[in-house]
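Here is the file run_5.txt (compact mmCIF, C-alpha atoms and all ligand atoms).
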```
# COMPACT_ATOMS: atom_id res chain seq x y z
CA GLU A 1 95.95 77.07 80.62
CA LYS A 2 92.49 76.51 82.16
CA THR A 3 91.35 73.10 80.91
CA ILE A 4 88.13 71.09 81.07
CA ALA A 5 87.40 67.56 79.89
CA VAL A 6 84.32 65.86 78.45
CA LEU A 7 83.55 62.14 78.18
CA THR A 8 80.62 59.83 77.56
CA SER A 9 80.16 56.74 79.76
CA GLY A 10 77.85 53.73 80.12
CA GLY A 11 75.35 52.95 77.34
CA ASP A 12 75.25 55.31 74.36
CA ALA A 13 72.16 57.39 73.64
CA PRO A 14 71.07 59.62 70.73
CA GLY A 15 71.91 63.21 71.64
CA MET A 16 75.22 62.49 73.37
CA ASN A 17 77.00 64.11 70.42
CA ALA A 18 74.86 67.22 70.72
CA ALA A 19 75.86 67.42 74.40
CA ILE A 20 79.57 67.03 73.55
CA ARG A 21 79.21 69.78 70.95
CA ALA A 22 77.60 72.15 73.45
CA VAL A 23 80.28 71.45 76.08
CA VAL A 24 83.15 71.97 73.63
CA ARG A 25 81.80 75.15 72.08
CA THR A 26 80.73 76.69 75.40
CA GLY A 27 84.06 75.78 76.95
CA ILE A 28 86.09 77.34 74.15
CA VAL A 29 83.96 80.50 74.14
CA LYS A 30 84.55 80.81 77.89
CA GLY A 31 88.31 80.59 77.35
CA PHE A 32 88.95 76.96 78.31
CA ARG A 33 91.14 74.45 76.55
CA VAL A 34 88.80 71.47 76.04
CA LEU A 35 89.90 67.82 75.91
CA GLY A 36 87.63 65.00 74.75
CA PHE A 37 88.44 61.75 76.55
CA MET A 38 87.84 58.48 74.72
CA ARG A 39 85.80 55.50 75.93
CA GLY A 40 84.46 56.84 79.20
CA TYR A 41 86.60 56.68 82.31
CA ASN A 42 89.07 54.41 80.46
CA GLY A 43 90.24 57.50 78.60
CA LEU A 44 90.95 59.33 81.84
CA ILE A 45 92.82 56.32 83.24
CA ASN A 46 94.95 55.86 80.11
CA GLY A 47 95.39 59.51 79.13
CA ASP A 48 93.60 58.81 75.85
CA TYR A 49 92.18 62.12 74.66
CA MET A 50 91.60 64.41 71.68
CA GLU A 51 92.34 68.10 71.79
CA MET A 52 89.02 69.70 70.83
CA ASN A 53 88.54 72.88 68.82
CA LEU A 54 85.44 74.58 67.47
CA ARG A 55 85.52 72.39 64.36
CA SER A 56 86.11 69.06 66.14
CA VAL A 57 82.41 68.93 66.85
CA SER A 58 81.22 70.00 63.39
CA ASP A 59 78.68 67.73 61.71
CA ILE A 60 77.86 65.65 64.77
CA ILE A 61 74.68 67.28 66.15
CA HIS A 62 72.52 64.99 64.03
CA ARG A 63 74.43 61.76 64.59
CA GLY A 64 73.50 58.97 67.00
CA GLY A 65 76.06 57.23 69.19
CA THR A 66 78.99 59.22 70.56
CA MET A 67 82.05 60.53 68.70
CA LEU A 68 84.11 60.01 71.88
CA TYR A 69 83.04 56.34 72.10
CA THR A 70 81.82 54.99 75.41
CA ALA A 71 82.69 52.12 77.72
CA ARG A 72 82.12 50.55 81.07
CA SER A 73 85.36 50.82 83.01
CA PRO A 74 85.68 48.30 85.86
CA GLU A 75 89.18 49.67 86.58
CA PHE A 76 87.76 53.09 87.45
CA LYS A 77 85.88 51.56 90.39
CA THR A 78 89.23 50.59 91.99
CA GLU A 79 91.33 53.06 94.01
CA GLU A 80 94.27 52.43 91.68
CA GLY A 81 92.13 53.27 88.63
CA ILE A 82 90.76 56.47 90.10
CA GLN A 83 94.27 57.57 91.15
CA LYS A 84 95.46 57.11 87.55
CA ALA A 85 92.52 59.24 86.38
CA ILE A 86 93.47 61.95 88.91
CA GLU A 87 97.08 61.81 87.67
CA THR A 88 95.86 62.41 84.10
CA CYS A 89 93.78 65.37 85.28
CA LYS A 90 96.75 66.89 87.14
CA GLU A 91 99.17 66.36 84.25
CA ASN A 92 96.80 68.16 81.90
CA ASN A 93 95.80 70.88 84.37
CA ILE A 94 92.14 69.74 84.16
CA GLN A 95 89.93 71.69 86.55
CA GLY A 96 86.63 70.12 85.59
CA VAL A 97 85.13 67.10 83.86
CA VAL A 98 81.72 66.80 82.21
CA VAL A 99 80.43 63.20 82.23
CA VAL A 100 77.48 62.29 80.02
CA GLY A 101 75.95 58.98 81.17
CA GLY A 102 73.75 57.28 83.73
CA ASP A 103 73.72 56.66 87.48
CA GLY A 104 76.87 54.50 87.41
CA SER A 105 78.74 57.26 85.61
CA PHE A 106 77.52 59.80 88.18
CA ARG A 107 78.92 57.63 91.01
CA GLY A 108 82.26 57.87 89.27
CA ALA A 109 81.82 61.65 88.91
CA ARG A 110 81.05 61.93 92.62
CA ASP A 111 84.16 59.91 93.52
CA LEU A 112 86.34 62.20 91.37
CA SER A 113 84.69 65.35 92.78
CA GLN A 114 85.37 64.13 96.32
CA ARG A 115 89.05 63.85 95.37
CA GLY A 116 89.24 67.45 94.22
CA ILE A 117 88.34 67.29 90.50
CA ASN A 118 85.10 69.15 89.83
CA CYS A 119 82.74 66.90 87.88
CA ILE A 120 79.34 67.63 86.38
CA GLY A 121 77.02 64.80 85.30
CA ILE A 122 74.62 65.08 82.37
CA PRO A 123 71.85 62.45 82.16
CA GLY A 124 72.23 60.61 78.86
CA THR A 125 70.29 57.35 78.52
CA ILE A 126 67.35 56.10 76.48
CA ASP A 127 65.84 54.61 79.66
CA ASN A 128 64.79 57.90 81.34
CA ASP A 129 65.73 56.20 84.60
CA ILE A 130 67.62 59.03 86.33
CA ALA A 131 65.62 59.90 89.45
CA CYS A 132 66.55 63.58 89.78
CA SER A 133 65.54 64.47 86.21
CA GLU A 134 62.18 64.16 84.54
CA TYR A 135 64.04 63.76 81.23
CA THR A 136 67.23 62.08 80.02
CA ILE A 137 68.92 62.75 76.67
CA GLY A 138 67.97 60.06 74.15
CA PHE A 139 64.58 59.10 75.61
CA ASP A 140 62.31 60.82 73.11
CA THR A 141 64.25 59.52 70.12
CA ALA A 142 64.11 55.97 71.53
CA VAL A 143 60.37 56.25 72.24
CA ASN A 144 59.81 57.23 68.61
CA THR A 145 62.11 54.46 67.33
CA CYS A 146 60.21 51.84 69.36
CA MET A 147 56.87 53.23 68.28
CA GLN A 148 57.82 53.13 64.61
CA ALA A 149 59.15 49.58 64.93
CA VAL A 150 55.90 48.46 66.54
CA ASP A 151 53.91 50.23 63.79
CA ARG A 152 55.55 47.83 61.34
CA ILE A 153 54.94 44.83 63.56
CA ARG A 154 51.31 45.94 63.81
CA ASP A 155 50.88 45.71 60.04
CA THR A 156 51.91 42.06 60.18
CA ALA A 157 49.92 41.30 63.33
CA GLN A 158 46.86 42.87 61.74
CA SER A 159 47.26 40.95 58.48
CA HIS A 160 47.50 37.62 60.25
CA ASP A 161 45.10 38.20 63.17
CA ARG A 162 47.99 37.64 65.51
CA CYS A 163 49.09 38.69 68.94
CA SER A 164 52.52 40.33 69.09
CA VAL A 165 54.62 40.48 72.21
CA VAL A 166 57.27 43.19 71.85
CA GLU A 167 60.11 43.57 74.32
CA VAL A 168 61.61 47.05 74.62
CA MET A 169 64.60 48.22 76.69
CA GLY A 170 64.40 50.21 79.92
CA ASN A 171 67.08 48.85 82.27
CA ASN A 172 64.46 47.38 84.63
CA THR A 173 62.21 50.43 84.42
CA GLY A 174 59.03 50.84 82.39
CA HIS A 175 59.28 54.45 81.18
CA LEU A 176 60.29 53.58 77.61
CA ALA A 177 57.66 50.79 77.44
CA LEU A 178 54.95 53.07 78.80
CA HIS A 179 55.51 55.94 76.39
CA SER A 180 56.18 53.81 73.31
CA GLY A 181 53.29 51.51 74.26
CA ILE A 182 50.87 54.43 74.37
CA GLY A 183 52.30 55.79 71.13
CA CYS A 184 51.74 52.52 69.29
CA GLY A 185 48.33 51.83 70.83
CA ALA A 186 49.36 48.67 72.69
CA THR A 187 46.60 46.47 74.08
CA CYS A 188 48.62 45.91 77.18
CA ILE A 189 51.84 47.35 78.67
CA LEU A 190 53.82 45.28 81.16
CA VAL A 191 56.49 46.95 83.29
CA PRO A 192 58.58 45.93 86.31
CA GLU A 193 56.99 48.65 88.47
CA VAL A 194 53.47 47.23 88.26
CA PRO A 195 52.70 43.61 89.20
CA TYR A 196 50.26 41.86 86.86
CA ASP A 197 48.22 38.70 86.75
CA LEU A 198 48.69 36.83 83.43
CA LYS A 199 45.18 35.37 83.32
CA LYS A 200 43.33 38.47 84.41
CA ASP A 201 45.39 41.38 83.09
CA VAL A 202 46.69 39.90 79.83
CA VAL A 203 44.68 36.87 78.69
CA GLY A 204 41.41 38.17 80.19
CA ARG A 205 41.84 41.48 78.40
CA ILE A 206 42.64 39.85 75.05
CA LEU A 207 39.61 37.56 75.25
CA SER A 208 37.20 40.26 76.30
CA TYR A 209 38.42 42.67 73.58
CA GLN A 210 38.17 39.82 71.09
CA GLY A 211 34.47 39.74 72.00
CA THR A 212 34.17 43.36 70.80
CA GLY A 213 35.67 42.50 67.40
CA LYS A 214 39.35 43.28 68.02
CA LYS A 215 41.42 40.80 66.03
CA HIS A 216 45.04 41.63 66.68
CA PHE A 217 46.82 42.48 69.88
CA ILE A 218 50.08 44.18 70.78
CA ILE A 219 51.63 43.56 74.18
CA VAL A 220 54.58 45.88 74.94
CA VAL A 221 56.86 44.52 77.67
CA ALA A 222 59.75 46.34 79.35
CA GLU A 223 62.91 44.25 79.65
CA GLY A 224 63.26 42.90 83.17
CA THR A 225 59.50 42.37 83.58
CA CYS A 226 59.30 38.69 82.62
CA ASN A 227 60.58 36.17 80.10
CA THR A 228 58.84 37.47 76.96
CA ASN A 229 59.35 34.23 75.04
CA ALA A 230 57.59 32.24 77.77
CA LEU A 231 54.90 34.93 77.91
CA ALA A 232 54.18 34.56 74.18
CA ILE A 233 53.89 30.78 74.54
CA GLN A 234 51.51 31.13 77.49
CA ILE A 235 49.32 33.68 75.71
CA GLN A 236 49.02 31.42 72.68
CA ALA A 237 48.19 28.40 74.86
CA LEU A 238 45.55 30.27 76.84
CA THR A 239 43.89 32.25 74.00
CA ASN A 240 44.43 30.05 70.97
CA ILE A 241 45.61 33.16 69.12
CA GLU A 242 48.86 32.77 67.21
CA THR A 243 51.38 34.78 69.23
CA ARG A 244 54.87 35.92 68.19
CA GLU A 245 57.60 37.53 70.16
CA THR A 246 59.93 40.32 68.95
CA VAL A 247 62.83 41.65 70.99
CA LEU A 248 63.60 45.10 69.55
CA GLY A 249 67.20 45.13 70.83
CA TYR A 250 69.84 47.63 69.83
CA ILE A 251 67.85 49.32 67.07
CA GLN A 252 66.35 51.28 69.98
CA ARG A 253 69.67 52.82 70.97
CA GLY A 254 70.75 54.11 67.58
CA GLY A 255 69.56 56.66 65.08
CA SER A 256 69.67 60.39 64.59
CA PRO A 257 68.54 62.27 67.73
CA ASN A 258 65.24 64.09 67.32
CA ALA A 259 64.76 67.79 67.94
CA LYS A 260 63.90 67.41 71.63
CA ASP A 261 67.06 65.44 72.35
CA ARG A 262 69.24 67.92 70.48
CA VAL A 263 67.70 70.89 72.30
CA VAL A 264 67.91 69.35 75.78
CA ALA A 265 71.47 68.09 75.15
CA SER A 266 72.50 71.59 74.07
CA GLN A 267 70.93 73.18 77.14
CA MET A 268 72.46 70.67 79.53
CA GLY A 269 75.92 70.85 77.97
CA PHE A 270 75.84 74.64 78.17
CA ARG A 271 74.76 74.61 81.82
CA ALA A 272 77.45 72.08 82.79
CA VAL A 273 80.21 74.37 81.53
CA GLU A 274 78.64 77.41 83.20
CA LEU A 275 78.94 75.56 86.52
CA LEU A 276 82.56 74.53 85.89
CA ALA A 277 83.40 78.13 84.96
CA GLN A 278 82.13 79.14 88.42
CA ASN A 279 84.39 76.47 89.95
CA ILE A 280 81.37 74.38 91.00
CA GLY A 281 81.54 70.57 90.91
CA ASN A 282 79.77 67.46 92.20
CA ARG A 283 76.48 68.40 90.48
CA VAL A 284 74.09 66.62 88.11
CA ILE A 285 72.20 68.64 85.51
CA ALA A 286 68.49 67.85 85.52
CA MET A 287 65.18 68.92 84.07
CA LYS A 288 62.26 69.83 86.32
CA ASP A 289 58.97 71.23 84.98
CA GLY A 290 60.75 71.72 81.67
CA LYS A 291 63.50 73.90 83.20
CA ILE A 292 67.20 73.09 83.51
CA LEU A 293 68.63 73.00 87.02
CA ASP A 294 71.25 71.04 88.98
CA TYR A 295 71.53 68.88 92.09
CA ASP A 296 74.29 67.67 94.38
CA ILE A 297 75.31 64.23 93.01
CA THR A 298 74.88 62.37 96.31
CA GLU A 299 71.45 63.94 96.80
CA ALA A 300 70.53 63.07 93.20
CA LEU A 301 71.63 59.43 93.59
CA GLY A 302 69.42 59.10 96.68
CA MET A 303 66.24 60.18 94.90
CA GLN A 304 63.51 57.82 93.70
CA LYS A 305 61.74 58.28 90.38
CA PRO A 306 57.98 57.82 90.61
CA PHE A 307 56.37 55.71 87.91
CA GLU A 308 53.65 57.58 85.98
CA MET A 309 50.74 55.48 87.27
CA ASP A 310 48.05 57.85 85.94
CA LEU A 311 49.48 57.53 82.46
CA TYR A 312 49.76 53.76 82.89
CA ASN A 313 46.12 53.44 83.94
CA MET A 314 44.98 55.72 81.14
CA ALA A 315 46.87 53.61 78.60
CA HIS A 316 44.83 50.57 79.58
CA ASP A 317 41.55 52.48 79.82
CA ILE A 318 41.80 53.52 76.17
CA SER A 319 43.20 50.32 74.69
CA ILE A 320 39.88 48.50 75.09
P1 LIG B 401 73.58 53.28 81.59
O1 LIG B 401 72.90 52.63 82.75
O2 LIG B 401 72.74 54.22 80.82
O3 LIG B 401 74.31 52.31 80.73
P2 LIG B 401 75.55 54.12 83.54
O4 LIG B 401 76.38 55.34 83.62
O5 LIG B 401 74.65 53.86 84.70
O6 LIG B 401 74.76 54.23 82.19
P3 LIG B 401 77.38 52.01 84.28
O7 LIG B 401 77.94 50.90 83.47
O8 LIG B 401 76.65 51.67 85.51
O9 LIG B 401 76.50 52.86 83.27
O10 LIG B 401 78.57 53.00 84.71
C1 LIG B 401 79.51 53.49 83.77
C2 LIG B 401 80.89 53.58 84.41
O11 LIG B 401 80.85 54.46 85.55
C3 LIG B 401 81.43 52.28 84.97
O12 LIG B 401 82.02 51.46 84.03
C4 LIG B 401 82.47 52.80 85.97
O13 LIG B 401 83.65 53.18 85.34
C5 LIG B 401 81.76 54.00 86.55
N1 LIG B 401 81.04 53.59 87.77
C6 LIG B 401 79.92 52.85 87.86
N2 LIG B 401 79.57 52.62 89.14
C7 LIG B 401 80.50 53.23 89.89
C8 LIG B 401 80.70 53.36 91.30
N3 LIG B 401 79.87 52.81 92.18
N4 LIG B 401 81.75 54.06 91.72
C9 LIG B 401 82.61 54.62 90.83
N5 LIG B 401 82.47 54.53 89.50
C10 LIG B 401 81.45 53.86 89.02
```
I need this file expressed as structure tokens, please.
Ligand code: ATP
Amino acid sequence: EKTIAVLTSGGDAPGMNAAIRAVVRTGIVKGFRVLGFMRGYNGLINGDYMEMNLRSVSDIIHRGGTMLYTARSPEFKTEEGIQKAIETCKENNIQGVVVVGGDGSFRGARDLSQRGINCIGIPGTIDNDIACSEYTIGFDTAVNTCMQAVDRIRDTAQSHDRCSVVEVMGNNTGHLALHSGIGCGATCILVPEVPYDLKKDVVGRILSYQGTGKKHFIIVVAEGTCNTNALAIQIQALTNIETRETVLGYIQRGGSPNAKDRVVASQMGFRAVELLAQNIGNRVIAMKDGKILDYDITEALGMQKPFEMDLYNMAHDISI
């Protein structure tokens, strides 16, 4: 029987379940037997899977996380690990695998494709850090989660005339910080892509805006930019404004996916199975100008994602 597999790998993101649902339902409608492998590539290595039917993916479209669980699998990076995964695919007559995850997961998908198992990658990460795609599943939900968390911090900052330094995720990129920072009206957004001068770009801004009557300040910092605790201490020392640090942490990864993430996940899952049905592998699904398309994995991994500098500059122009 023609069989395809689906798994989620790397960090979880809201919308992964909607992608699994689309893959399973599209696969079954196209006449495939569909297996859901547990805990990323570990499931392929250990033969740990669930037989999926139309109802296996009922009631998951609105849930965060991933029903198939996810993991980082160091064993899969070894030749022995990948051979075990290939064995599992052969034993189960698997012709294609859909992998929802990030760049690391796509490297694994490329390695499997090169050994004769067609794999399709779907970008699922809250970081929006996949170069070939302008959008990754989970990003919009995470932007809204961060924004709403900062809205609450703002109430406190405003009540106490404080400065708040808020660290958001991003895996060493500033996309999540930029979009959530604009959404919450941050005074200043600090990201790894743009060098900054503490005295001029942060303290100078706070002091000059203070002169126009602004009394509380929100500094959104992408993880990997600097030590946010040290930053808060320095800001307080240099401005005399009470400054507190909040690291948002894992609340950013969870929660029910919003409409955009459910729609994009559905589109990408559908497209992935269409490719497998045509016996095409070694591709990543991507979004470009709002449309769904696909790239060769090696080509996709070699791309660079530009940082939205215009948006970054605008953010600071209007936070005066
Ligand atoms: P995110 O960054 O959103 O957490 P990711 O997919 O980039 O997602 P990784 O931990 O980098 O997360 O990769 C997930 C899994 O993919 C790894 O545990 C491993 O099994 C596989 N993988 C990662 N890098 C490689 C590689 N270079 N070659 C083969 N497989 C890899």
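Our summary of the geometry notes that CA of Phe139 (chain A) is positioned 22.7 Å from CA of Val24 (chain A).
Each of A:Leu248, A:Leu276, A:Cys184, A:Cys163 was compared to Leu231 (chain A) using all atoms listed in the file, and A:Cys163 turns out to be the nearest.
Distance-wise, CA of Ala22 (chain A) and atom C9 of ligand LIG 401 (chain B) end up 25.2 Å apart.
In terms of minimum interatomic distance to Ile206 (chain A), A:Ser319 ranks closest within A:Asn282, A:Ser58, A:Ser319, A:Thr156, counting all atoms listed in the file.
The shortest atom-to-atom distance to Arg271 (chain A), with only C-alpha atoms taken into account, belongs to A:Val23 out of A:Cys226, A:Met67, A:Val23, A:Val97.
Going from CA of Glu223 (chain A) over to atom C6 of ligand LIG 401 (chain B), you cover 20.8 Å.
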May I ask which of the residues A:Val264, A:Ala259, A:Asp197, A:Val166 is the closest one to Ile219 (chain A), counting only C-alpha atoms? A:Val166
Expected selection as an MDAnalysis selection string for ligand LIG 401 (chain B) within 10 Å, all atoms listed in the file: chainID A and resid 8:13 39:42 45 70:79 81:82 99:112 121:130 136 170:171
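When only C-alpha atoms are used to measure the gap to Ser208 (chain A), the shortest distance among A:Ile320, A:Cys188, A:Val194, A:Leu7 belongs to A:Ile320.
Comparing the minimum interatomic distances between Met268 (chain A) and each of A:Arg21, A:His179, A:Lys2, A:Arg244, counting all atoms listed in the file, we find that A:Arg21 sits nearest.
If you count all atoms listed in the file and ignore residues fewer than 3 places along the chain from Asp296 (chain A), what sits within 12 Å of it is Phe106, Arg107, Ala109, Arg110, Ser113, Gln114, Asn118, Cys119, Ile120, Gly121, Cys132, Ile280, Gly281, Asn282, Arg283, Val284, Ile285, Ala286, Leu293, Glu299, Ala300, Leu301, Gly302 and Met303 of chain A.
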Neighbouring residues of Met314 (chain A) were defined as those with any atom within 12 Å, considering all atoms listed in the file; residues of the same chain fewer than 3 positions away were excluded. Please report them as a PyMOL selection string. chain A and resi 178-179+181-182+185-189+308-311+317-320
For region 53-72 of chain A, I'd like the enclosing box, axis-aligned and padded by 8 Å on every side, reported as AutoDock Vina command-line options with centre and edge lengths in Å to one decimal.
```
--center_x 80.5 --center_y 62.6 --center_z 71.4 --size_x 32.0 --size_y 40.0 --size_z 35.4
```
